[in-house]
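structure_1.tsv (TSV, C-alpha atoms) appears below.
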chain	number	residue	atom	x	y	z
H	1	HIS	CA	72.39	20.35	2.14
H	2	VAL	CA	70.46	18.12	4.50
H	3	ALA	CA	73.17	16.66	6.76
H	4	ALA	CA	74.99	19.99	7.08
H	5	SER	CA	71.75	21.80	7.99
H	6	ALA	CA	71.01	19.18	10.64
H	7	GLY	CA	74.55	19.17	12.01
H	8	LEU	CA	75.11	15.53	11.05
H	9	ARG	CA	78.64	14.37	10.26
H	10	LEU	CA	79.31	12.45	7.06
H	11	ARG	CA	82.19	10.09	6.40
H	12	PRO	CA	84.86	11.61	4.13
H	13	GLY	CA	83.86	11.39	0.46
H	14	SER	CA	80.15	10.96	1.23
H	15	LEU	CA	77.67	13.16	-0.56
H	16	ASP	CA	75.28	15.34	1.42
H	17	PRO	CA	71.83	15.11	-0.17
H	18	VAL	CA	70.30	18.36	-1.35
H	19	PHE	CA	66.96	19.33	0.12
H	20	ASP	CA	64.98	19.08	-3.15
H	21	ALA	CA	66.22	15.59	-4.03
H	22	ALA	CA	63.54	12.93	-4.51
H	23	VAL	CA	65.67	10.60	-2.36
H	24	TRP	CA	67.88	11.56	0.55
H	25	ASP	CA	70.76	9.10	0.68
H	26	LEU	CA	72.25	9.29	4.16
H	27	THR	CA	74.36	6.13	3.88
H	28	GLY	CA	77.45	8.26	4.56
H	29	LEU	CA	76.39	9.21	8.10
H	30	ALA	CA	79.47	9.00	10.29
H	31	ASP	CA	77.64	8.67	13.59
H	32	ALA	CA	74.67	6.54	12.57
H	33	PRO	CA	73.43	4.27	15.35
H	34	VAL	CA	74.74	0.70	15.02
H	35	VAL	CA	71.17	-0.61	14.85
H	36	MET	CA	70.38	1.65	11.90
H	37	GLY	CA	70.19	-0.63	8.87
H	38	GLU	CA	71.34	0.64	5.48
H	39	HIS	CA	67.77	0.69	4.11
H	40	ARG	CA	66.81	3.16	6.87
H	41	LYS	CA	69.43	5.60	5.57
H	42	ILE	CA	67.60	5.95	2.25
H	43	LEU	CA	64.63	8.33	2.49
H	44	ASP	CA	62.58	7.94	-0.68
H	45	PHE	CA	60.04	10.73	-0.93
H	46	THR	CA	58.61	9.31	-4.16
H	47	ALA	CA	56.62	6.96	-1.90
H	48	ILE	CA	54.29	9.96	-1.47
H	49	ALA	CA	51.94	10.27	-4.46
H	50	ASN	CA	51.29	14.04	-4.32
H	51	PRO	CA	54.45	15.98	-5.36
H	52	LEU	CA	53.46	18.95	-3.15
H	53	TRP	CA	53.32	16.67	-0.15
H	54	ARG	CA	56.77	15.28	-0.93
H	55	THR	CA	57.99	18.82	-0.31
H	56	VAL	CA	55.95	19.03	2.89
H	57	ALA	CA	57.54	15.76	4.06
H	58	ARG	CA	61.04	17.09	3.34
H	59	GLU	CA	60.26	20.36	5.15
H	60	TYR	CA	58.85	18.50	8.14
H	61	LEU	CA	61.72	15.99	8.40
H	62	LEU	CA	64.39	18.67	8.09
H	63	ALA	CA	62.64	20.70	10.79
H	64	ARG	CA	62.60	17.64	13.06
H	65	MET	CA	66.29	16.96	12.33
H	66	ALA	CA	67.36	20.58	12.81
H	67	PRO	CA	65.25	22.33	15.46
H	68	GLN	CA	68.00	24.94	15.81
H	69	LEU	CA	67.27	26.39	12.35
H	70	PRO	CA	65.91	29.93	12.80
H	71	ALA	CA	62.58	29.24	11.06
H	72	VAL	CA	62.01	26.19	13.28
H	73	ALA	CA	63.36	27.60	16.55
H	74	THR	CA	60.65	30.26	16.61
H	75	LEU	CA	57.75	27.80	16.23
H	76	PRO	CA	56.00	27.63	19.60
H	77	GLY	CA	55.02	23.95	19.42
H	78	ALA	CA	58.02	22.54	17.58
H	79	PHE	CA	60.00	19.73	19.15
H	80	ARG	CA	63.30	21.06	20.54
H	81	THR	CA	65.27	17.82	20.46
H	82	PRO	CA	66.60	16.72	17.06
H	83	LEU	CA	65.03	13.57	15.68
H	84	ASN	CA	67.40	10.62	15.85
H	85	PRO	CA	68.46	9.67	12.30
H	86	ASN	CA	67.27	6.11	12.95
H	87	THR	CA	63.73	7.46	13.38
H	88	LEU	CA	63.59	9.37	10.07
H	89	TRP	CA	62.65	6.34	7.98
H	90	ASN	CA	59.68	5.53	10.26
H	91	GLU	CA	58.50	9.14	10.24
H	92	LEU	CA	58.59	9.18	6.44
H	93	LYS	CA	56.76	5.84	6.30
H	94	HIS	CA	53.94	7.16	8.52
H	95	LEU	CA	53.80	10.45	6.59
H	96	ALA	CA	53.50	8.55	3.30
H	97	LEU	CA	50.69	6.36	4.65
H	98	TRP	CA	48.73	9.38	5.91
H	99	LEU	CA	49.31	11.59	2.88
H	100	ASN	CA	48.59	8.78	0.41
H	101	PHE	CA	45.36	8.00	2.27
H	102	LEU	CA	44.35	11.63	1.76
H	103	THR	CA	45.23	11.42	-1.94
H	104	GLY	CA	43.18	8.23	-2.20
H	105	VAL	CA	40.07	9.92	-0.81
H	106	GLY	CA	40.44	12.90	-3.12
H	107	VAL	CA	42.04	15.47	-0.79
H	108	VAL	CA	44.55	17.60	-2.71
H	109	SER	CA	45.44	20.22	-0.08
H	110	LEU	CA	46.03	19.83	3.65
H	111	ASP	CA	43.75	22.79	4.36
H	112	ALA	CA	40.84	20.56	3.29
H	113	VAL	CA	41.59	17.93	5.95
H	114	THR	CA	38.80	17.46	8.48
H	115	GLN	CA	38.50	15.50	11.68
H	116	GLU	CA	36.38	13.04	9.71
H	117	HIS	CA	39.37	12.32	7.43
H	118	CYS	CA	41.49	11.69	10.52
H	119	ASP	CA	38.89	9.38	12.05
H	120	ASP	CA	38.50	7.45	8.78
H	121	TYR	CA	42.26	7.03	8.47
H	122	LEU	CA	42.57	5.88	12.06
H	123	ALA	CA	39.78	3.33	11.55
H	124	ARG	CA	41.77	1.85	8.65
H	125	ALA	CA	45.20	2.27	10.21
H	126	ARG	CA	44.27	0.41	13.38
H	127	ARG	CA	43.61	-2.78	11.38
H	128	SER	CA	46.31	-5.25	10.42
H	129	THR	CA	47.14	-5.17	6.72
H	130	THR	CA	47.65	-8.93	6.69
H	131	ASP	CA	44.55	-9.77	8.76
H	132	PRO	CA	41.94	-6.95	8.69
H	133	SER	CA	39.93	-8.66	11.42
H	134	ARG	CA	42.84	-8.06	13.83
H	135	THR	CA	43.24	-4.71	15.61
H	136	LEU	CA	46.77	-3.40	16.09
H	137	SER	CA	48.13	-2.62	19.53
H	138	PRO	CA	47.99	0.94	20.85
H	139	ALA	CA	51.79	1.10	20.53
H	140	ALA	CA	51.48	0.49	16.78
H	141	ILE	CA	48.72	3.07	16.37
H	142	VAL	CA	50.26	5.97	18.32
H	143	PRO	CA	52.90	6.86	15.67
H	144	LYS	CA	50.15	7.02	13.03
H	145	VAL	CA	48.19	9.52	15.13
H	146	ARG	CA	51.28	11.44	16.21
H	147	ILE	CA	52.38	12.14	12.63
H	148	MET	CA	48.99	13.63	11.78
H	149	GLN	CA	49.15	15.87	14.85
H	150	SER	CA	52.81	16.81	14.42
H	151	LEU	CA	52.23	18.35	11.02
H	152	ALA	CA	50.05	20.96	12.75
H	153	LEU	CA	52.98	22.03	14.94
H	154	TYR	CA	55.03	22.98	11.87
H	155	SER	CA	52.26	24.69	9.86
H	156	GLU	CA	54.04	28.02	9.60
H	157	ILE	CA	57.00	26.56	7.68
H	158	LEU	CA	55.21	24.00	5.50
H	159	SER	CA	54.37	24.59	1.82
H	160	ASP	CA	50.90	23.14	2.44
H	161	ARG	CA	49.25	23.07	5.82
H	162	TYR	CA	46.10	22.31	7.76
H	163	ARG	CA	43.64	25.20	8.00
H	164	PRO	CA	44.45	27.65	10.82
H	165	GLY	CA	43.63	26.25	14.25
H	166	PHE	CA	43.06	22.68	13.07
H	167	ARG	CA	44.85	19.92	14.91
H	168	PRO	CA	43.70	16.31	14.59
H	169	TRP	CA	41.80	15.38	17.75
H	170	GLY	CA	42.31	18.86	19.14
H	171	GLY	CA	44.56	18.92	22.17
H	172	ARG	CA	44.29	15.20	22.90
H	173	SER	CA	47.52	13.28	23.17
H	174	ALA	CA	48.40	10.73	20.50
H	175	ASP	CA	48.94	8.28	23.35

Same coordinates, now as structure tokens:
Amino acid sequence: HVAASAGLRLRPGSLDPVFDAAVWDLTGLADAPVVMGEHRKILDFTAIANPLWRTVAREYLLARMAPQLPAVATLPGAFRTPLNPNTLWNELKHLALWLNFLTGVGVVSLDAVTQEHCDDYLARARRSTTDPSRTLSPAAIVPKVRIMQSLALYSEILSDRYRPGFRPWGGRSAD
């Protein structure tokens, strides 16, 4: 169960979503931040076209929520602070955009991702979807880069992963 694994409290009578569910319904979170809207408590993995990458997204998000899990705690580059539940929805949104871009260009396994794929995605992602002539601010672009890089930190526990040693933009910071 997702909430139990992450150490999140649920209100009495709330269901704890199972890991393999297509949608994680976290509306029963007892300690959800006040600013966390109800829509942000629904994590819909079906937004990711490739079913294998839906699993990767679940693995990654659970690892970010529960860094104390033994498989995660031993990863040298893993984040040690649990991801705030309010951030989960954004992480999934950025994962879906990245993974669906890869699907759209014919990539079917993360081990086939190249720096060229990353550069092409960034070139598209830095443009406004409503006005393609407008470039987004660096603050809007950083999370898109960070999600690509973060997947590399969790390679050892993901069902599909980048090829060994590959990290988008090498050691450069997403910032």

Fill in: 7 Å contact set for stretch 16-20 of chain H, only C-alpha atoms, chain neighbours under 4 positions out, as a ChimeraX atom specification
/H:1-3,24-25

Closest pair table for stretch 94-147 of chain H residues within 12 Å of stretch 50-63 of chain H, only C-alpha atoms, as a tab-separated table:
residue	atom	partner	partner_atom	distance
H:His94	CA	H:Ala57	CA	10.3
H:Leu95	CA	H:Ala57	CA	7.0
H:Ala96	CA	H:Ala57	CA	8.3
H:Leu97	CA	H:Ala57	CA	11.6
H:Trp98	CA	H:Trp53	CA	10.5
H:Leu99	CA	H:Trp53	CA	7.1
H:Asn100	CA	H:Asn50	CA	7.6
H:Phe101	CA	H:Asn50	CA	10.7
H:Leu102	CA	H:Asn50	CA	9.5
H:Thr103	CA	H:Asn50	CA	7.0
H:Gly104	CA	H:Asn50	CA	10.2
H:Gly106	CA	H:Asn50	CA	11.0
H:Val107	CA	H:Asn50	CA	10.0
H:Val108	CA	H:Asn50	CA	7.8
H:Ser109	CA	H:Trp53	CA	8.6
H:Leu110	CA	H:Trp53	CA	8.8
H:Ile147	CA	H:Tyr60	CA	10.1

Item to complete: Do a neighbour search on stretch 112-128 of chain H at 8 Å with all atoms listed in the file, toss out local chain neighbours closer than 6 positions, and write the hits as an MDAnalysis selection string.
Response: chainID H and resid 98 101:102 134:137 140:141 144:145 148 162:163 168:169

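You will find atom CA of H:Met65 at 11.2 Å from atom CA of H:Glu91.
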
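You can rank H:Ala139, H:Leu10, H:Ala78, H:Ala71 by their closest distance to H:Leu29 using all atoms listed in the file, and at the top of that list sits H:Leu10.
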
At a cut-off of 9 Å, using all atoms listed in the file, what residues contact H:His39? Leave out same-chain residues fewer than 3 positions from it and give the result as a CSV table (one decimal) with C-alpha atoms, keeping the file's coordinate frame.
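Result written to around-v3.csv:
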chain,number,residue,atom,x,y,z
H,27,THR,CA,74.4,6.1,3.9
H,36,MET,CA,70.4,1.6,11.9
H,42,ILE,CA,67.6,6.0,2.2
H,43,LEU,CA,64.6,8.3,2.5
H,89,TRP,CA,62.6,6.3,8.0

Fill in: Radius query 7 Å about (64.9, 3.3, 9.2), atoms used: only C-alpha atoms, as a ChimeraX atom specification
/H:36-37,39-41,86-90

Is it possible to dump stretch 72-101 of chain H as a short mmCIF file (atom, residue, chain, number, x, y, z; two decimals), in the first residue's frame, including just N, CA and C atoms?
data_model
loop_
_atom_site.label_atom_id
_atom_site.label_comp_id
_atom_site.auth_asym_id
_atom_site.auth_seq_id
_atom_site.Cartn_x
_atom_site.Cartn_y
_atom_site.Cartn_z
N VAL H 72 15.59 1.89 -1.52
CA VAL H 72 15.86 3.30 -1.86
C VAL H 72 17.00 3.84 -1.01
N ALA H 73 17.00 3.49 0.25
CA ALA H 73 18.00 4.02 1.20
C ALA H 73 19.43 3.71 0.79
N THR H 74 19.62 2.64 0.03
CA THR H 74 20.98 2.25 -0.37
C THR H 74 21.42 2.90 -1.69
N LEU H 75 20.52 3.63 -2.36
CA LEU H 75 20.90 4.29 -3.61
C LEU H 75 21.77 5.50 -3.30
N PRO H 76 22.96 5.57 -3.86
CA PRO H 76 23.87 6.65 -3.50
C PRO H 76 23.38 8.06 -3.85
N GLY H 77 22.63 8.22 -4.94
CA GLY H 77 22.21 9.55 -5.34
C GLY H 77 20.78 9.90 -5.02
N ALA H 78 20.07 8.99 -4.35
CA ALA H 78 18.65 9.22 -4.07
C ALA H 78 18.46 10.39 -3.10
N PHE H 79 17.37 11.10 -3.27
CA PHE H 79 17.02 12.17 -2.35
C PHE H 79 16.66 11.54 -1.01
N ARG H 80 17.09 12.15 0.07
CA ARG H 80 16.89 11.60 1.42
C ARG H 80 15.67 12.18 2.13
N THR H 81 15.13 13.26 1.62
CA THR H 81 13.96 13.88 2.21
C THR H 81 12.73 13.44 1.44
N PRO H 82 11.70 12.97 2.13
CA PRO H 82 10.49 12.54 1.41
C PRO H 82 9.87 13.70 0.62
N LEU H 83 9.36 13.37 -0.53
CA LEU H 83 8.68 14.36 -1.36
C LEU H 83 7.37 14.74 -0.69
N ASN H 84 7.12 16.03 -0.60
CA ASN H 84 5.87 16.53 -0.04
C ASN H 84 4.72 16.03 -0.90
N PRO H 85 3.65 15.50 -0.30
CA PRO H 85 2.52 15.01 -1.10
C PRO H 85 1.97 16.03 -2.10
N ASN H 86 2.07 17.30 -1.78
CA ASN H 86 1.57 18.34 -2.68
C ASN H 86 2.38 18.40 -3.98
N THR H 87 3.60 17.88 -3.96
CA THR H 87 4.49 17.92 -5.11
C THR H 87 4.30 16.72 -6.04
N LEU H 88 3.69 15.66 -5.56
CA LEU H 88 3.54 14.43 -6.33
C LEU H 88 2.86 14.66 -7.68
N TRP H 89 1.79 15.42 -7.68
CA TRP H 89 1.01 15.66 -8.90
C TRP H 89 1.89 16.32 -9.96
N ASN H 90 2.68 17.33 -9.55
CA ASN H 90 3.59 18.00 -10.50
C ASN H 90 4.65 17.05 -11.02
N GLU H 91 5.21 16.23 -10.15
CA GLU H 91 6.23 15.27 -10.58
C GLU H 91 5.65 14.33 -11.63
N LEU H 92 4.43 13.84 -11.37
CA LEU H 92 3.80 12.94 -12.32
C LEU H 92 3.51 13.67 -13.64
N LYS H 93 3.08 14.91 -13.56
CA LYS H 93 2.81 15.68 -14.78
C LYS H 93 4.08 15.81 -15.62
N HIS H 94 5.20 16.14 -15.00
CA HIS H 94 6.46 16.29 -15.74
C HIS H 94 6.97 14.95 -16.27
N LEU H 95 6.79 13.89 -15.48
CA LEU H 95 7.16 12.55 -15.96
C LEU H 95 6.35 12.19 -17.20
N ALA H 96 5.04 12.43 -17.14
CA ALA H 96 4.16 12.09 -18.27
C ALA H 96 4.57 12.88 -19.51
N LEU H 97 4.88 14.15 -19.37
CA LEU H 97 5.28 14.95 -20.53
C LEU H 97 6.57 14.38 -21.15
N TRP H 98 7.54 14.08 -20.33
CA TRP H 98 8.83 13.55 -20.80
C TRP H 98 8.65 12.17 -21.45
N LEU H 99 7.99 11.27 -20.73
CA LEU H 99 7.84 9.91 -21.22
C LEU H 99 6.95 9.85 -22.47
N ASN H 100 5.93 10.68 -22.53
CA ASN H 100 5.07 10.70 -23.72
C ASN H 100 5.79 11.33 -24.91
N PHE H 101 6.70 12.27 -24.66
CA PHE H 101 7.54 12.80 -25.74
C PHE H 101 8.36 11.66 -26.33
#
